[in-house]
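The data block below is work26.txt; it holds compact mmCIF, C-alpha atoms.
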```txt
# COMPACT_ATOMS: atom_id res chain seq x y z
CA MET A 1 -24.91 9.46 -21.12
CA ASN A 2 -21.23 9.74 -21.90
CA ASN A 3 -21.47 13.50 -21.87
CA LEU A 4 -23.08 13.45 -18.45
CA LEU A 5 -20.44 11.08 -17.12
CA GLY A 6 -17.70 13.22 -18.63
CA LEU A 7 -19.15 16.18 -16.77
CA ALA A 8 -19.90 14.41 -13.51
CA LEU A 9 -16.62 12.62 -12.88
CA PRO A 10 -14.24 15.60 -12.88
CA LEU A 11 -16.85 17.67 -11.06
CA GLY A 12 -17.01 15.01 -8.36
CA VAL A 13 -13.26 15.02 -7.97
CA GLY A 14 -13.26 18.81 -7.88
CA ILE A 15 -15.85 18.96 -5.11
CA ALA A 16 -13.95 16.32 -3.13
CA ALA A 17 -10.80 18.37 -3.61
CA VAL A 18 -12.54 21.43 -2.14
CA GLY A 19 -13.44 19.48 0.98
CA SER A 20 -9.99 18.04 1.38
CA GLY A 21 -8.41 21.43 0.74
CA LEU A 22 -10.40 22.95 3.58
CA GLY A 23 -9.63 20.04 5.88
CA LEU A 24 -5.94 20.00 5.08
CA GLY A 25 -5.73 23.76 5.51
CA ARG A 26 -7.17 23.49 8.99
CA ALA A 27 -4.93 20.57 9.93
CA VAL A 28 -1.73 22.13 8.68
CA GLY A 29 -2.70 25.50 10.14
CA SER A 30 -3.16 24.01 13.58
CA ALA A 31 0.11 22.17 13.22
CA MET A 32 1.93 25.39 12.31
CA GLU A 33 0.43 27.12 15.31
CA ALA A 34 1.44 24.28 17.61
CA MET A 35 4.97 24.31 16.18
CA GLY A 36 5.18 28.00 16.85
CA ARG A 37 4.12 27.57 20.43
CA GLN A 38 6.53 24.74 21.18
CA PRO A 39 9.53 24.63 18.85
CA GLU A 40 11.11 21.69 20.68
CA ALA A 41 8.17 19.46 19.68
CA ILE A 42 8.46 20.28 15.98
CA GLY A 43 9.56 16.77 14.96
CA GLN A 44 6.65 15.03 16.62
CA ILE A 45 4.16 17.59 15.38
CA GLN A 46 5.46 17.18 11.83
CA VAL A 47 4.99 13.42 11.95
CA ALA A 48 1.50 13.71 13.36
CA MET A 49 0.61 16.34 10.78
CA VAL A 50 1.79 14.19 7.88
CA ILE A 51 -0.18 11.21 9.11
CA GLY A 52 -3.30 13.30 9.61
CA CYS A 53 -2.93 14.77 6.14
CA ALA A 54 -2.73 11.28 4.65
CA PHE A 55 -6.08 10.41 6.19
CA ILE A 56 -7.74 13.58 4.92
CA GLU A 57 -6.22 13.08 1.48
CA ALA A 58 -7.60 9.54 1.31
CA LEU A 59 -11.15 10.83 0.98
CA THR A 60 -10.29 12.72 -2.19
CA ILE A 61 -8.49 9.64 -3.47
CA TYR A 62 -11.74 7.70 -3.13
CA ALA A 63 -13.38 10.21 -5.48
CA LEU A 64 -10.43 9.87 -7.87
CA LEU A 65 -10.88 6.10 -7.78
CA SER A 66 -14.35 6.40 -9.22
CA VAL A 67 -12.78 8.20 -12.17
CA PHE A 68 -10.37 5.32 -12.74
CA ILE A 69 -13.11 2.75 -12.47
CA LEU A 70 -15.49 4.49 -14.84
CA GLN A 71 -12.82 5.69 -17.24
CA GLY A 72 -13.60 3.05 -19.84
CA LYS A 73 -17.18 4.22 -20.13
CA LEU A 74 -16.22 7.75 -21.05
CA GLY A 75 -15.77 6.77 -24.67
CA MET B 1 9.78 -15.45 29.15
CA ARG B 2 9.31 -17.84 26.29
CA ARG B 3 11.28 -16.77 23.29
CA ARG B 4 8.79 -17.17 20.51
CA ASN B 5 10.64 -15.51 17.66
CA ARG B 6 12.84 -17.95 15.82
CA ILE B 7 14.99 -16.36 13.19
CA LEU B 8 14.64 -18.11 9.88
CA PRO B 9 18.05 -19.19 8.58
CA PRO B 10 18.80 -17.75 5.16
CA ILE B 11 18.83 -21.03 3.24
CA ARG B 12 15.52 -22.07 4.71
CA ALA B 13 14.14 -18.63 3.90
CA LEU B 14 15.14 -19.09 0.28
CA TRP B 15 13.46 -22.50 0.16
CA LEU B 16 10.33 -20.99 1.65
CA ALA B 17 10.32 -18.17 -0.87
CA ALA B 18 10.92 -20.62 -3.73
CA ALA B 19 8.08 -22.79 -2.46
CA LEU B 20 5.77 -19.79 -2.38
CA VAL B 21 6.66 -18.84 -5.93
CA CYS B 22 6.23 -22.41 -7.15
CA GLY B 23 2.88 -22.56 -5.42
CA ALA B 24 1.80 -19.37 -7.12
CA VAL B 25 3.00 -20.67 -10.49
CA ALA B 26 1.14 -23.96 -9.93
CA VAL B 27 -2.06 -22.12 -9.15
CA ALA B 28 -1.54 -19.97 -12.20
CA CYS B 29 -1.01 -22.97 -14.48
CA ALA B 30 -4.11 -24.63 -13.09
CA GLN B 31 -6.08 -21.53 -13.82
CA GLU B 32 -4.65 -21.40 -17.30
CA HIS B 33 -5.83 -24.92 -18.00
CA ALA B 34 -9.26 -23.74 -17.03
CA GLY B 35 -9.08 -21.20 -19.83
CA PRO B 36 -7.08 -18.16 -20.79
CA PRO B 37 -8.51 -14.72 -20.10
CA ALA B 38 -10.43 -12.63 -22.59
CA GLY B 39 -7.19 -11.56 -24.23
CA HIS B 40 -7.61 -7.84 -23.85
CA GLU B 41 -4.45 -7.83 -21.78
CA ALA B 42 -2.53 -9.73 -24.42
CA VAL B 43 0.58 -8.23 -25.91
CA ALA B 44 -0.05 -7.12 -29.46
CA PRO B 45 2.98 -7.64 -31.69
CA SER B 46 3.07 -4.04 -32.77
CA GLY B 47 1.97 -2.45 -29.54
CA GLU B 48 4.25 0.56 -29.53
CA PRO B 49 2.20 3.72 -29.06
CA GLU B 50 3.04 6.49 -31.46
CA GLY B 51 5.15 9.27 -30.13
CA ALA B 52 8.83 9.84 -29.58
CA ALA B 53 10.91 7.63 -27.33
CA THR B 54 11.52 9.17 -23.94
CA VAL B 55 14.76 9.40 -22.03
CA HIS B 56 13.89 6.33 -20.00
CA GLY B 57 12.56 4.41 -22.93
CA GLU B 58 9.21 3.93 -21.23
CA ALA B 59 5.87 4.07 -22.92
CA ALA B 60 2.54 4.46 -21.20
CA GLY B 61 -0.53 2.38 -21.90
CA GLU B 62 -3.57 3.63 -23.73
CA GLY B 63 -5.11 4.92 -20.54
CA HIS B 64 -8.09 2.62 -20.34
CA GLY B 65 -8.71 1.89 -16.69
CA GLU B 66 -6.21 -0.58 -15.37
CA GLU B 67 -3.42 -0.53 -17.94
CA HIS B 68 -0.01 0.28 -16.59
CA ALA B 69 3.28 1.39 -18.05
CA VAL B 70 5.77 -0.99 -19.62
CA ASN B 71 7.85 -2.96 -17.15
CA LEU B 72 10.32 -5.84 -17.19
CA VAL B 73 7.63 -8.50 -17.16
CA THR B 74 5.81 -6.91 -20.05
CA LEU B 75 9.03 -6.79 -22.03
CA VAL B 76 9.81 -10.44 -21.27
CA ALA B 77 6.28 -11.37 -22.27
CA LYS B 78 6.73 -9.59 -25.55
CA LEU B 79 9.99 -11.44 -26.11
CA ALA B 80 8.36 -14.74 -25.24
CA GLN B 81 5.68 -14.13 -27.76
CA GLY B 82 8.14 -13.46 -30.54
CA GLY B 83 6.28 -12.21 -33.56
CA ARG B 84 3.26 -14.44 -33.17
CA PRO B 85 -0.04 -12.65 -33.67
CA GLU B 86 -1.99 -14.29 -30.86
CA PRO B 87 -0.86 -14.42 -27.25
CA THR B 88 1.09 -17.50 -26.21
CA ARG B 89 0.55 -19.20 -22.87
CA ALA B 90 3.81 -17.92 -21.46
CA ALA B 91 2.99 -14.36 -22.49
CA THR B 92 -0.53 -14.61 -21.09
CA PHE B 93 0.79 -15.98 -17.83
CA LEU B 94 3.37 -13.24 -17.49
CA MET B 95 0.90 -10.50 -18.29
CA ARG B 96 -1.73 -11.81 -15.91
CA PHE B 97 0.60 -12.23 -12.98
CA GLN B 98 2.73 -9.11 -13.20
CA ALA B 99 1.72 -7.93 -9.75
CA GLN B 100 2.30 -11.30 -8.11
CA LEU B 101 5.72 -11.69 -9.74
CA PHE B 102 6.90 -8.31 -8.52
CA ALA B 103 5.44 -8.89 -5.06
CA ALA B 104 7.22 -12.23 -4.95
CA LEU B 105 10.45 -10.49 -5.96
CA VAL B 106 10.12 -8.00 -3.11
CA ALA B 107 9.23 -10.75 -0.67
CA ILE B 108 12.18 -12.93 -1.68
CA VAL B 109 14.65 -10.06 -1.41
CA LEU B 110 13.30 -8.91 1.94
CA ILE B 111 13.24 -12.41 3.42
CA THR B 112 16.73 -13.21 2.22
CA VAL B 113 18.42 -10.00 3.30
CA LEU B 114 16.68 -9.64 6.66
CA SER B 115 16.95 -13.24 7.74
CA ARG B 116 20.62 -13.27 6.79
CA VAL B 117 21.25 -10.15 8.84
CA ALA B 118 19.34 -11.55 11.78
CA ALA B 119 21.03 -14.94 11.68
CA LYS B 120 24.52 -13.46 11.49
CA ARG B 121 23.98 -10.69 14.00
CA THR B 122 26.96 -9.74 16.13
CA ASP B 123 27.67 -7.28 18.88
CA HIS B 124 29.89 -5.28 16.53
CA PRO B 125 27.44 -4.62 13.74
CA GLY B 126 28.48 -3.92 10.19
CA ARG B 127 26.68 -1.36 8.06
CA LEU B 128 23.82 -3.57 6.97
CA GLN B 129 23.07 -4.77 10.47
CA ALA B 130 23.29 -1.22 11.79
CA ALA B 131 20.82 -0.06 9.15
CA VAL B 132 18.41 -2.87 9.96
CA GLU B 133 18.72 -2.09 13.65
CA MET B 134 17.95 1.56 12.98
CA MET B 135 14.90 0.55 10.99
CA PHE B 136 13.70 -1.75 13.73
CA ASP B 137 14.27 0.88 16.39
CA GLY B 138 12.27 3.46 14.48
CA LEU B 139 9.41 1.07 13.82
CA TYR B 140 9.34 -0.31 17.35
CA GLY B 141 9.36 3.22 18.78
CA LEU B 142 6.43 4.11 16.56
CA PHE B 143 4.39 1.08 17.62
CA ARG B 144 5.26 1.61 21.26
CA SER B 145 4.05 5.19 21.13
CA VAL B 146 0.64 3.90 20.07
CA MET B 147 0.29 0.67 22.00
CA GLY B 148 2.71 0.89 24.89
CA PRO B 149 5.12 -1.94 25.81
CA ALA B 150 2.67 -4.58 24.56
CA ALA B 151 3.78 -3.61 21.06
CA ARG B 152 6.65 -6.10 21.21
CA ALA B 153 4.34 -9.01 20.49
CA TYR B 154 2.85 -7.36 17.40
CA THR B 155 6.00 -5.78 15.99
CA PRO B 156 6.86 -8.76 13.74
CA TYR B 157 3.61 -8.51 11.83
CA LEU B 158 3.44 -4.73 11.77
CA GLY B 159 7.09 -4.31 10.86
CA THR B 160 6.81 -6.83 8.04
CA LEU B 161 3.68 -5.06 6.82
CA PHE B 162 5.47 -1.73 6.74
CA LEU B 163 8.57 -3.03 4.99
CA PHE B 164 6.61 -5.03 2.43
CA ILE B 165 4.32 -2.14 1.53
CA LEU B 166 7.20 0.35 1.53
CA PHE B 167 9.39 -1.63 -0.82
CA ASN B 168 6.52 -2.49 -3.10
CA ASN B 169 5.54 1.17 -3.35
CA LEU B 170 9.11 2.29 -3.94
CA LEU B 171 9.63 -0.37 -6.59
CA GLY B 172 6.84 1.22 -8.57
CA MET B 173 8.85 4.43 -8.92
CA VAL B 174 11.86 2.61 -10.39
CA PRO B 175 11.76 2.69 -14.20
CA LEU B 176 10.84 -0.62 -15.80
CA MET B 177 9.51 -1.94 -12.49
CA PHE B 178 5.97 -2.34 -11.28
CA ALA B 179 4.35 -1.69 -7.91
CA ALA B 180 2.35 -4.67 -6.76
CA THR B 181 0.38 -2.36 -4.48
CA SER B 182 -0.95 -0.50 -7.49
CA VAL B 183 -3.42 -3.30 -8.16
CA LEU B 184 -6.40 -3.72 -5.90
CA ASN B 185 -5.66 -7.43 -5.40
CA THR B 186 -2.50 -6.87 -3.39
CA THR B 187 -3.92 -4.14 -1.21
CA ILE B 188 -7.08 -6.09 -0.46
CA GLY B 189 -4.92 -9.06 0.45
CA LEU B 190 -2.88 -6.95 2.86
CA ALA B 191 -5.97 -5.35 4.36
CA LEU B 192 -7.56 -8.77 4.85
CA CYS B 193 -4.40 -9.98 6.60
CA THR B 194 -4.71 -7.08 9.00
CA PHE B 195 -8.44 -7.68 9.40
CA PHE B 196 -8.11 -11.34 10.33
CA TYR B 197 -5.11 -10.64 12.54
CA VAL B 198 -6.96 -7.93 14.47
CA GLN B 199 -10.08 -10.06 14.92
CA GLY B 200 -7.92 -13.00 15.97
CA ILE B 201 -6.18 -10.85 18.56
CA GLY B 202 -9.55 -9.64 19.79
CA ILE B 203 -10.83 -13.15 20.24
CA ARG B 204 -7.61 -14.41 21.80
CA LYS B 205 -7.14 -11.55 24.23
CA ASN B 206 -10.73 -11.08 25.29
CA GLY B 207 -12.22 -14.51 24.76
CA VAL B 208 -15.13 -15.00 22.40
CA LEU B 209 -17.68 -13.58 24.84
CA GLY B 210 -15.42 -10.65 25.68
CA TYR B 211 -14.90 -10.01 21.99
CA LEU B 212 -18.65 -9.87 21.37
CA HIS B 213 -19.03 -7.69 24.47
CA HIS B 214 -16.43 -5.34 23.06
CA LEU B 215 -18.22 -5.25 19.72
CA ALA B 216 -21.45 -4.33 21.49
CA GLY B 217 -19.79 -1.24 22.92
CA SER B 218 -18.76 -2.71 26.29
CA PRO B 219 -22.09 -2.12 28.07
CA ARG B 220 -21.88 -2.00 31.84
CA ASN B 221 -25.36 -1.08 33.10
CA GLY B 222 -28.91 -1.62 31.90
CA MET B 223 -29.10 1.54 29.82
CA GLU B 224 -25.87 0.71 28.00
CA TRP B 225 -27.20 -2.76 27.27
CA GLY B 226 -30.11 -1.07 25.59
CA PHE B 227 -27.76 0.98 23.46
CA SER B 228 -25.75 -2.09 22.61
CA LEU B 229 -28.58 -3.29 20.39
CA LEU B 230 -27.88 -0.28 18.18
CA LEU B 231 -24.14 -0.24 18.64
CA PHE B 232 -23.50 -3.86 17.76
CA PRO B 233 -24.41 -3.65 14.05
CA LEU B 234 -22.60 -0.32 13.84
CA HIS B 235 -19.41 -1.76 15.27
CA VAL B 236 -19.60 -4.85 13.08
CA LEU B 237 -20.06 -2.63 10.04
CA GLY B 238 -17.17 -0.50 11.21
CA GLU B 239 -14.96 -3.57 11.49
CA PHE B 240 -15.72 -4.46 7.90
CA ILE B 241 -15.21 -0.95 6.65
CA LYS B 242 -11.71 -0.78 8.12
CA PRO B 243 -10.05 -3.18 5.64
CA MET B 244 -11.99 -1.57 2.82
CA SER B 245 -10.70 1.89 3.61
CA LEU B 246 -7.17 0.59 4.19
CA SER B 247 -7.02 -1.17 0.84
CA LEU B 248 -8.69 1.62 -1.14
CA ARG B 249 -6.49 4.30 0.35
CA LEU B 250 -3.27 2.46 -0.48
CA TYR B 251 -4.48 1.38 -3.92
CA GLY B 252 -5.78 4.83 -4.83
CA ASN B 253 -2.63 6.62 -3.78
CA ILE B 254 -0.14 4.28 -5.44
CA PHE B 255 -2.13 3.66 -8.60
CA GLY B 256 -2.96 7.34 -8.92
CA GLU B 257 0.67 8.31 -8.51
CA GLU B 258 1.75 5.81 -11.14
CA LYS B 259 -0.97 6.99 -13.48
CA LEU B 260 0.19 10.58 -13.05
CA VAL B 261 3.77 9.61 -13.86
CA ALA B 262 2.64 7.66 -16.91
CA THR B 263 0.50 10.56 -18.12
CA PHE B 264 3.39 12.97 -17.76
CA ILE B 265 5.71 10.59 -19.60
CA VAL B 266 3.35 10.55 -22.55
CA LEU B 267 2.98 14.31 -22.33
CA GLY B 268 6.71 14.82 -22.16
CA ALA B 269 7.33 12.42 -25.00
CA GLY B 270 5.40 14.54 -27.43
CA MET B 271 6.48 17.87 -26.09
CA LEU B 272 9.35 18.56 -28.51
CA ALA B 273 7.64 16.97 -31.48
CA GLY B 274 7.16 20.34 -33.10
CA LEU B 275 10.94 20.78 -33.32
CA HIS B 276 11.32 17.35 -34.98
CA VAL B 277 13.49 16.11 -32.11
CA PRO B 278 13.27 12.34 -31.44
CA VAL B 279 13.48 12.65 -27.65
CA GLY B 280 11.03 14.15 -25.19
CA LEU B 281 11.38 16.10 -21.99
CA PRO B 282 11.54 14.14 -18.71
CA ILE B 283 8.86 16.20 -17.02
CA GLN B 284 7.78 13.22 -14.97
CA VAL B 285 10.84 13.50 -12.70
CA PRO B 286 9.32 15.97 -10.17
CA LEU B 287 6.29 13.73 -9.98
CA MET B 288 8.53 10.77 -9.26
CA PHE B 289 9.89 12.64 -6.25
CA LEU B 290 6.32 13.20 -5.13
CA GLY B 291 5.80 9.49 -5.70
CA LEU B 292 8.66 8.66 -3.37
CA LEU B 293 7.08 10.79 -0.67
CA THR B 294 3.65 9.26 -1.21
CA SER B 295 5.09 5.75 -1.10
CA VAL B 296 6.66 6.25 2.30
CA ILE B 297 3.68 8.09 3.75
CA GLN B 298 1.16 5.51 2.57
CA ALA B 299 3.19 2.64 3.99
CA LEU B 300 3.38 4.53 7.27
CA VAL B 301 -0.35 5.28 7.30
CA PHE B 302 -1.32 1.69 6.56
CA THR B 303 0.93 0.38 9.32
CA LEU B 304 -0.10 3.02 11.81
CA LEU B 305 -3.77 2.35 11.23
CA SER B 306 -3.20 -1.37 11.70
CA THR B 307 -1.43 -0.57 14.96
CA VAL B 308 -4.34 1.55 16.12
CA TYR B 309 -6.82 -1.19 15.24
CA ILE B 310 -4.80 -3.70 17.23
CA ALA B 311 -4.54 -1.28 20.13
CA LEU B 312 -8.31 -0.79 20.09
CA MET B 313 -8.82 -4.54 20.37
CA LEU B 314 -6.65 -4.97 23.42
CA PRO B 315 -8.35 -5.11 26.84
CA HIS B 316 -9.09 -1.63 28.05
CA GLN B 317 -7.32 -1.69 31.40
CA GLU B 318 -4.05 -2.26 29.59
CA HIS B 319 -5.06 0.39 27.09
CA ALA B 320 -5.56 3.05 29.75
CA GLU B 321 -2.25 2.22 31.35
CA GLU B 322 -0.41 2.41 28.05
CA HIS B 323 -1.51 5.97 27.60
CA GLY B 324 0.42 6.91 30.71
CA ALA B 325 3.65 5.25 29.59
CA PRO B 326 4.25 7.03 26.29
CA ALA B 327 3.69 10.40 27.92
CA HIS B 328 6.76 9.71 30.01
CA ALA B 329 8.67 7.93 27.28
CA HIS B 330 9.17 11.08 25.20
```

Target format C-alpha cells, applied to this file:
Amino acid sequence: MNNLLGLALPLGVGIAAVGSGLGLGRAVGSAMEAMGRQPEAIGQIQVAMVIGCAFIEALTIYALLSVFILQGKLG
Amino acid sequence: MRRRNRILPPIRALWLAAALVCGAVAVACAQEHAGPPAGHEAVAPSGEPEGAATVHGEAAGEGHGEEHAVNLVTLVAKLAQGGRPEPTRAATFLMRFQAQLFAALVAIVLITVLSRVAAKRTDHPGRLQAAVEMMFDGLYGLFRSVMGPAARAYTPYLGTLFLFILFNNLLGMVPLMFAATSVLNTTIGLALCTFFYVQGIGIRKNGVLGYLHHLAGSPRNGMEWGFSLLLFPLHVLGEFIKPMSLSLRLYGNIFGEEKLVATFIVLGAGMLAGLHVPVGLPIQVPLMFLGLLTSVIQALVFTLLSTVYIALMLPHQEHAEEHGAPAHAH
C-alpha cells in the first residue's frame, strides 16, 4: 500500500496544480488585459488580482495538505 | 455617538498579557499533571541531524509530518534538559507549547506597542505614531471598500486579526523563530473567532428570526419559501465550511512555506559536501523572500474574507447602499 500511496499523493498534487495553473492563468490574463485597457486603475487591479490568486492557490494547497498529513505513512 | 473604544493604557495591557500567559501556563501545568505526551516530540540528547552546519546554524527536522525547524524554544528546551536521556517536564512543556509561546510573544509585543502609541497620541505624530496611522488608514480603507462606512464598528476586530496573523507569519521567516500560524491549532482558533463573531453579528443585527430567515435564503414569496427548505441546510453547511477553508488555507500556506525553506536548508547544507567544505550554500534565501510575500498575502486574504463574511451578514438594505458609496469613494 505504501507504493500506491507514494504514487497517489504526488499525482494528486500534480493534478491539483494543473487546475490551479489554468485558473491562475485565466485570472492573471484578464487582469493584464484590464490593466492594458485602463492604466490608471493598475494599482487596484493588481490588488484584486493578488487576492483572487490567493483564493485559487488555496485549492492546490488543500491537495498539498493531504501530502503533509499522510507523509508518515509513506515509510 | 457613544465612544465605545477605550484605549488600553500600556501598563494595564502588560498586566493583561501577563495574565494571559500565566493562564496558558497554568492550563499547561494542569495538563502535564494529567500525564506527559507520548514523548515522540521529546528532545533527544544527541538530536543533531548529520550534515554540515549551515550559514544560519539551523537544522531541519526529520521530515515526518509535523516536525519543524529548530527555534529558540527548542534550543532552550534542549538546554533545560541538560544531558539527561529522558525528557524533563520543563523540556516537555516547552516543546509542546512552542506555538502558544510564540503567539503569546507576538500578542504581548503588539499589545504593548500599539496601546502605548494610542495612549500617547498627539497631533504632531512621531515616526511610530505616523507608521501606525498609515497602517490603520490602509486597513480602514480596505474594509470600507468592502463594507462601506459601517466598517468602523468592525475595524478593531478585523485590524487586530490582520496584524496578529501578519506578524505571526512574518515571525516564521525570521531564523530561530517559529510561526504560530504554521500549526493547525492557531489557525483553527482564529477561524473560530471569526466564525463566532460573524454569527454573533448576524444574530445581533438581524434578530434571531431574521438570522434564520437570512440562512434560509431570505424567501419573500411562496415559491421561495419552498426553495428555502433546500437552501437552509446548504447555507448552514456553507457557514461551517467557511472557518474550515479559512484555517486550512492559512495553515497550508504558512506550513508549506516553512517546510519548503526547511527542505532547502537541508539540501543546501549538504550541497558542498563533495568538496569537504564544512558550510553549505544558503539556497533557502530566495524562498524566504517568497515566504515574506506569502505571509503578507495570506494575512490579507484571511482578513478580507472575514470582512466579506461580515458584510454578507449585515442587513441587505444597508448592503445595497454600501455598494454605491465605494464607487464614488475611489

Listed atoms of range 186-197 of chain B boxed along x, y and z, 8 Å each side, centre and edge lengths in Å, one decimal, as JSON:
```
{"center_x": -5.5, "center_y": -7.7, "center_z": 4.6, "size_x": 21.9, "size_y": 23.2, "size_z": 31.9}
```

Residue list for chain A near chain B as a ChimeraX atom specification, 6 Å, only C-alpha atoms: /A:58,61,68,71-72

Could you give me, as a PyMOL selection string, the residues within 7 Å of Met49 in chain A, counting all atoms listed in the file and dropping anything in the same chain fewer than 3 positions from it? chain A and resi 28+31+45-46+52-53

Restricting the output to C-alpha atoms, write the selected residues as an mmCIF file, in the coordinates of the input.
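As written to disk, part.cif reads:
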```
data_model
loop_
_atom_site.group_PDB
_atom_site.id
_atom_site.type_symbol
_atom_site.label_atom_id
_atom_site.label_comp_id
_atom_site.auth_asym_id
_atom_site.auth_seq_id
_atom_site.Cartn_x
_atom_site.Cartn_y
_atom_site.Cartn_z
ATOM 1 C CA VAL A 28 -1.730 22.130 8.680
ATOM 2 C CA ALA A 31 0.110 22.170 13.220
ATOM 3 C CA ILE A 45 4.160 17.590 15.380
ATOM 4 C CA GLN A 46 5.460 17.180 11.830
ATOM 5 C CA GLY A 52 -3.300 13.300 9.610
ATOM 6 C CA CYS A 53 -2.930 14.770 6.140
#
```

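Proximity to Thr303 in chain B was assessed for A:Ala8, A:Ala16, A:Ala63, A:Ile51 counting all atoms listed in the file; the smallest distance is recorded for A:Ile51.
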
Quick one: residues within 10 Å of (8.8, 19.4, -17.1) (file frame), counting all atoms listed in the file, please, as a VMD selection string. chain B and resid 264 to 265 267 to 268 271 280 to 287

Would you mind reading off the distance between CA of Met135 in chain B and CA of Phe55 in chain A, one decimal, in Å?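 The value is 23.7 Å.
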
Between CA of Ala179 in chain B and CA of Gly141 in chain B lies a distance of 27.6 Å

Which one of A:Val13, A:Asn3, A:Ala48, A:Ser66 sits closest to Met32 in chain A if you count only C-alpha atoms? A:Ala48

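Proximity ranking of A:Leu70, A:Met35, A:Gly14, A:Leu9 relative to Val47 in chain A places A:Met35 first, based on only C-alpha atoms.
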
When you draw a straight line from CA of Met177 in chain B to CA of Leu101 in chain B, how long is it in Å?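 These two atoms are separated by 10.8 Å.
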
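Between Arg26 in chain A and the residues A:Ile56, A:Tyr62, A:Ile69, A:Pro39, the shortest atom-to-atom distance, using only C-alpha atoms, involves A:Ile56.
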